[in-house]
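Just model-v2.txt here, compact mmCIF, C-alpha atoms:
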```
# COMPACT_ATOMS: atom_id res chain seq x y z
CA MET F 1 -14.10 28.85 -23.24
CA THR F 2 -13.57 25.57 -25.10
CA PRO F 3 -13.64 22.62 -22.66
CA ALA F 4 -10.42 20.68 -22.15
CA ARG F 5 -10.52 17.35 -24.02
CA ILE F 6 -9.74 14.49 -21.64
CA LEU F 7 -9.13 10.99 -23.02
CA ILE F 8 -9.92 8.33 -20.41
CA ILE F 9 -8.41 4.88 -20.90
CA ALA F 10 -9.97 2.64 -18.27
CA GLY F 11 -12.41 -0.14 -17.42
CA SER F 12 -16.18 0.05 -17.02
CA ASP F 13 -17.79 -0.37 -13.60
CA SER F 14 -21.37 -1.62 -13.98
CA GLY F 15 -22.20 -0.33 -10.49
CA GLY F 16 -21.33 3.23 -11.53
CA GLY F 17 -19.03 4.00 -8.61
CA ALA F 18 -15.60 3.73 -10.17
CA GLY F 19 -13.89 3.31 -13.53
CA ILE F 20 -15.15 4.98 -16.69
CA GLN F 21 -18.43 5.93 -15.01
CA ALA F 22 -16.70 7.85 -12.20
CA ASP F 23 -14.29 9.43 -14.67
CA LEU F 24 -17.06 10.72 -16.93
CA LYS F 25 -18.90 12.33 -14.02
CA THR F 26 -15.74 13.92 -12.65
CA VAL F 27 -14.45 15.36 -15.93
CA THR F 28 -17.88 16.74 -16.78
CA LEU F 29 -18.50 18.35 -13.38
CA LEU F 30 -15.07 20.00 -13.51
CA GLY F 31 -15.80 21.55 -16.90
CA GLY F 32 -13.94 19.18 -19.23
CA PHE F 33 -15.05 17.11 -22.21
CA ALA F 34 -14.58 13.39 -21.60
CA MET F 35 -13.75 10.78 -24.25
CA THR F 36 -13.23 7.09 -23.57
CA ALA F 37 -11.26 4.05 -24.61
CA ILE F 38 -12.71 1.19 -22.58
CA THR F 39 -10.17 -1.50 -21.67
CA ALA F 40 -12.41 -3.95 -19.82
CA ILE F 41 -16.03 -4.56 -18.90
CA THR F 42 -16.69 -5.57 -15.32
CA ALA F 43 -19.72 -6.97 -13.54
CA GLN F 44 -19.26 -5.06 -10.31
CA ASN F 45 -21.15 -3.59 -7.38
CA THR F 46 -20.40 -2.31 -3.87
CA LEU F 47 -19.68 -5.85 -2.63
CA GLY F 48 -17.04 -6.81 -5.18
CA VAL F 49 -16.22 -7.72 -8.76
CA GLN F 50 -18.25 -10.64 -10.07
CA GLY F 51 -16.71 -10.79 -13.54
CA VAL F 52 -14.11 -9.16 -15.82
CA HIS F 53 -14.05 -9.21 -19.62
CA PRO F 54 -10.94 -7.53 -21.10
CA ILE F 55 -11.41 -5.69 -24.39
CA PRO F 56 -9.01 -6.84 -27.14
CA THR F 57 -5.97 -4.58 -27.48
CA ASP F 58 -6.74 -3.70 -31.10
CA MET F 59 -10.16 -2.38 -30.07
CA VAL F 60 -8.68 -0.30 -27.25
CA LEU F 61 -6.26 1.26 -29.72
CA ALA F 62 -9.06 1.84 -32.23
CA GLN F 63 -11.07 3.75 -29.64
CA MET F 64 -8.04 5.86 -28.80
CA GLU F 65 -7.29 6.58 -32.45
CA SER F 66 -10.87 7.65 -33.15
CA CYS F 67 -10.63 10.28 -30.44
CA ILE F 68 -7.06 11.42 -31.06
CA SER F 69 -7.33 11.75 -34.83
CA ASP F 70 -10.59 13.69 -34.94
CA ILE F 71 -11.36 15.47 -31.66
CA GLY F 72 -7.87 15.89 -30.22
CA VAL F 73 -6.60 15.48 -26.67
CA ASP F 74 -5.50 17.96 -24.00
CA ALA F 75 -4.80 15.38 -21.26
CA VAL F 76 -5.01 11.63 -20.73
CA LYS F 77 -6.11 9.60 -17.73
CA ILE F 78 -5.20 5.90 -17.56
CA GLY F 79 -6.92 3.60 -15.09
CA MET F 80 -7.61 -0.14 -15.24
CA ILE F 81 -5.64 -1.31 -18.26
CA GLY F 82 -7.01 -4.82 -18.86
CA SER F 83 -3.89 -6.75 -19.89
CA ALA F 84 -0.12 -6.53 -20.24
CA GLN F 85 -0.43 -6.45 -24.02
CA THR F 86 -2.80 -3.49 -23.83
CA ALA F 87 -0.52 -1.66 -21.40
CA MET F 88 2.42 -1.98 -23.76
CA ALA F 89 0.41 -0.92 -26.81
CA VAL F 90 -1.19 2.06 -25.05
CA ALA F 91 2.21 3.28 -23.86
CA GLU F 92 3.62 3.05 -27.38
CA ARG F 93 0.70 5.01 -28.88
CA LEU F 94 0.76 7.74 -26.23
CA THR F 95 4.50 8.27 -26.55
CA VAL F 96 3.95 10.28 -29.73
CA LEU F 97 1.44 12.68 -28.13
CA ASP F 98 3.95 15.46 -27.69
CA GLY F 99 3.34 17.71 -24.69
CA VAL F 100 0.07 16.08 -23.58
CA PRO F 101 -0.02 15.44 -19.80
CA ILE F 102 -0.74 11.85 -18.78
CA VAL F 103 -2.07 10.80 -15.37
CA PHE F 104 -1.68 7.09 -14.63
CA ASP F 105 -3.66 5.53 -11.79
CA PRO F 106 -2.05 2.06 -11.37
CA VAL F 107 -5.23 0.13 -10.57
CA MET F 108 -4.45 -3.27 -9.07
CA VAL F 109 -7.19 -4.01 -6.54
CA ALA F 110 -10.75 -2.70 -6.27
CA THR F 111 -11.95 -1.05 -3.05
CA SER F 112 -13.77 -4.31 -2.29
CA GLY F 113 -10.48 -6.22 -2.44
CA SER F 114 -11.03 -7.85 -5.84
CA LEU F 115 -7.97 -8.14 -8.09
CA LEU F 116 -8.11 -6.04 -11.26
CA ALA F 117 -4.60 -6.68 -12.63
CA ASP F 118 -2.51 -9.84 -12.84
CA ALA F 119 1.26 -10.06 -12.29
CA ASP F 120 2.12 -9.64 -15.98
CA THR F 121 -0.05 -6.55 -16.27
CA ILE F 122 1.52 -4.99 -13.16
CA ALA F 123 4.98 -5.68 -14.62
CA ALA F 124 3.95 -3.84 -17.79
CA PHE F 125 3.01 -0.78 -15.72
CA HIS F 126 6.68 0.25 -16.04
CA LYS F 127 6.02 1.27 -19.64
CA LEU F 128 3.14 3.49 -18.57
CA MET F 129 5.07 5.06 -15.69
CA ALA F 130 7.86 5.95 -18.11
CA ILE F 131 5.52 8.16 -20.16
CA ALA F 132 3.38 9.52 -17.30
CA THR F 133 3.38 13.08 -16.05
CA LEU F 134 1.97 11.80 -12.76
CA VAL F 135 1.43 8.36 -11.20
CA THR F 136 -1.20 8.18 -8.43
CA PRO F 137 -0.73 5.00 -6.32
CA ASN F 138 -2.19 4.33 -2.90
CA ILE F 139 0.07 2.90 -0.20
CA PRO F 140 -0.14 -0.80 -1.22
CA GLU F 141 0.20 0.06 -4.92
CA LEU F 142 3.25 2.23 -4.29
CA ALA F 143 4.93 -0.61 -2.41
CA ALA F 144 4.15 -3.08 -5.21
CA LEU F 145 5.59 -0.73 -7.83
CA GLY F 146 8.90 -0.22 -6.04
CA GLY F 147 8.32 2.59 -3.55
CA GLU F 148 9.11 6.28 -3.80
CA ALA F 149 12.20 5.55 -5.92
CA ILE F 150 9.96 5.10 -8.97
CA ALA F 151 9.77 8.90 -9.34
CA ALA F 152 13.50 9.15 -10.00
CA ARG F 153 13.68 5.84 -11.84
CA PHE F 154 11.06 6.81 -14.42
CA GLY F 155 11.56 10.58 -14.40
CA THR F 156 7.99 11.25 -13.34
CA HIS F 157 6.03 12.64 -10.41
CA VAL F 158 4.22 10.39 -7.96
CA LEU F 159 1.25 11.36 -5.82
CA ALA F 160 1.63 8.98 -2.88
CA LYS F 161 -1.92 8.91 -1.52
CA GLY F 162 -2.37 8.38 2.20
CA GLY F 163 -5.94 7.12 2.32
CA HIS F 164 -4.88 3.61 3.32
CA GLY F 165 -2.83 4.96 6.22
CA GLU F 166 -3.67 4.81 9.90
CA GLY F 167 -4.79 7.60 12.19
CA VAL F 168 -7.10 10.59 12.17
CA MET F 169 -4.95 12.71 9.85
CA LEU F 170 -4.06 11.57 6.34
CA THR F 171 -1.26 12.96 4.21
CA ASP F 172 -0.76 12.91 0.44
CA ARG F 173 2.76 13.60 -0.84
CA LEU F 174 3.85 14.74 -4.28
CA ILE F 175 7.23 13.18 -5.00
CA GLY F 176 9.35 14.31 -7.92
CA PRO F 177 12.59 12.89 -9.30
CA HIS F 178 14.49 14.89 -6.68
CA GLY F 179 12.30 14.19 -3.66
CA VAL F 180 9.14 15.46 -1.99
CA ALA F 181 7.79 18.56 -3.75
CA GLU F 182 4.55 19.18 -1.82
CA THR F 183 2.40 17.68 0.93
CA TRP F 184 -1.29 17.94 1.82
CA SER F 185 -2.81 16.85 5.15
CA ASP F 186 -6.47 16.64 6.14
CA ALA F 187 -8.62 14.86 8.69
CA ARG F 188 -9.95 11.48 7.61
CA ILE F 189 -13.59 11.50 6.48
CA ASP F 190 -15.20 8.62 8.36
CA THR F 191 -17.23 6.74 5.75
CA PRO F 192 -17.21 3.23 4.24
CA HIS F 193 -18.41 4.70 0.93
CA THR F 194 -15.07 5.20 -0.77
CA HIS F 195 -15.60 3.24 -4.00
CA GLY F 196 -14.06 5.20 -6.87
CA THR F 197 -11.83 7.56 -4.92
CA GLY F 198 -8.70 6.68 -6.90
CA CYS F 199 -10.41 6.93 -10.29
CA THR F 200 -12.03 10.21 -9.33
CA MET F 201 -8.80 11.74 -8.03
CA ALA F 202 -6.83 10.84 -11.16
CA SER F 203 -9.47 12.04 -13.61
CA ALA F 204 -9.89 15.29 -11.65
CA ILE F 205 -6.14 15.92 -11.82
CA ALA F 206 -6.06 15.13 -15.55
CA THR F 207 -8.88 17.61 -16.11
CA GLY F 208 -6.98 20.32 -14.29
CA LEU F 209 -3.82 19.65 -16.29
CA GLY F 210 -5.81 19.70 -19.52
CA GLN F 211 -7.22 23.06 -18.47
CA GLY F 212 -3.70 24.46 -18.07
CA MET F 213 -3.39 24.28 -14.29
CA THR F 214 -0.06 23.56 -12.66
CA LEU F 215 0.42 20.08 -11.25
CA THR F 216 0.20 21.34 -7.67
CA ASP F 217 -2.95 23.36 -8.33
CA ALA F 218 -4.58 20.47 -10.22
CA ILE F 219 -3.92 18.12 -7.28
CA THR F 220 -5.19 20.66 -4.75
CA ARG F 221 -8.49 21.10 -6.62
CA ALA F 222 -8.83 17.35 -7.16
CA ARG F 223 -8.37 16.65 -3.44
CA ASP F 224 -11.03 19.23 -2.58
CA TYR F 225 -13.36 17.67 -5.12
CA VAL F 226 -12.86 14.12 -3.80
CA ARG F 227 -13.43 15.23 -0.22
CA ALA F 228 -16.65 16.98 -1.24
CA ALA F 229 -17.78 13.82 -3.07
CA LEU F 230 -17.03 11.64 -0.03
CA ARG F 231 -19.22 13.83 2.16
CA LEU F 232 -22.09 13.49 -0.32
CA ALA F 233 -22.00 9.68 -0.57
CA PRO F 234 -25.62 8.48 -0.95
CA GLY F 235 -25.07 5.23 0.96
CA PHE F 236 -26.02 2.87 -1.88
CA GLY F 237 -25.39 -0.86 -1.64
CA GLY F 238 -24.36 -3.21 1.12
CA GLY F 239 -20.60 -2.73 0.87
CA HIS F 240 -18.21 0.05 -0.14
CA GLY F 241 -20.68 2.38 -1.80
CA PRO F 242 -20.05 5.08 -4.39
CA MET F 243 -19.25 8.68 -3.60
CA GLY F 244 -21.68 11.47 -4.37
CA ALA F 245 -21.54 13.97 -7.21
CA PRO F 246 -20.85 17.52 -5.97
CA PHE F 247 -22.90 19.33 -8.61
CA THR F 248 -22.37 22.64 -6.83
CA PHE F 249 -18.60 22.21 -6.56
CA HIS F 250 -16.57 25.31 -7.36
CA ALA F 251 -12.79 25.42 -7.70
```
Output the file's structure in the form of structure tokens.
Amino acid sequence: MTPARILIIAGSDSGGGAGIQADLKTVTLLGGFAMTAITAITAQNTLGVQGVHPIPTDMVLAQMESCISDIGVDAVKIGMIGSAQTAMAVAERLTVLDGVPIVFDPVMVATSGSLLADADTIAAFHKLMAIATLVTPNIPELAALGGEAIAARFGTHVLAKGGHGEGVMLTDRLIGPHGVAETWSDARIDTPHTHGTGCTMASAIATGLGQGMTLTDAITRARDYVRAALRLAPGFGGGHGPMGAPFTFHA
């Protein structure tokens, strides 16, 4: 079968645990074909983000156009966006991709606590949520974006991830315009090596959607994949290390 073509619009993580690097590994291991439009270059490791260099908006759009016009796109994953101007321009370009599912991971803060989006960029996230099939915030991100009401406000679905919650059991909830559509609960995996979980989850879901899976099935497989990757974390670095790559993962 022809692999699903997944366009990833996100930042680069020099440490390899999150961002474009995590997305490429995830899409490939789940059987998709990954393309990229890099929005920012970061100097980053398990301890934090030491530097950020946003890519000019025109270059982000040029990367997107190269992929869209020649190879084609079956699904899009948006991560770190780089700037408010880029967010607005990306939303405008993707609006004309009729019928292509879009997964938006509203990256604001790295696992280490480093800021990856300023106030203007976060405000521009509204444009991306308005075109998204699914938005995948963690608990702090969901609060910053306006809470569960954003599903109805923007006519989208929201995967409210519970990883930042308290307790032994964690719950993820899929919220549609009319309320909660599905829930998943699992025991917390006790590890500090969670760098890249959000990027990996979003790119895994986008791959599933590009392969023709339903939203619920794509999320279910993505959650299983992330949990397998957490268990295989190699323990690199002195901080929040990267997850492992489940090369033997089967849906």
When distances are computed from all atoms listed in the file, which of F:Ala149, F:Ile8, F:Ala245, F:Ala62 shows the smallest separation from Arg93 of chain F? F:Ala62
Please define a box with edges along x, y and z of the file around all atoms of segment 230-240 of chain F given in the file, extend it by 6 Å on each side, and return its centre and edge lengths in Å to one decimal, as AutoDock Vina command-line options.
```
--center_x -21.5 --center_y 5.3 --center_z 0.1 --size_x 21.0 --size_y 29.0 --size_z 16.0
```
For Pro234 of chain F, the nearest of the candidates F:His195, F:Met201, F:Gly155, F:Ala10, counting only C-alpha atoms: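 Among F:His195, F:Met201, F:Gly155, F:Ala10, it is F:His195 that comes nearest to Pro234 of chain F.
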Ranking F:Ile131, F:Ala18, F:Ile6, F:Ala222 by minimum distance to Ala34 of chain F and counting all atoms listed in the file, which one comes first?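 Closest candidate: F:Ile6.
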Computed gap from atom CA of Gly208 of chain F to atom CA of Leu30 of chain F is 8.1 Å
For Leu209 of chain F, please output as an MDAnalysis selection string all residues within 12 Å (counting only C-alpha atoms; exclusion window: fewer than 3 positions along the same chain). chainID F and resid 4:6 27 30 32 73:77 99:103 133:134 202:206 212:222
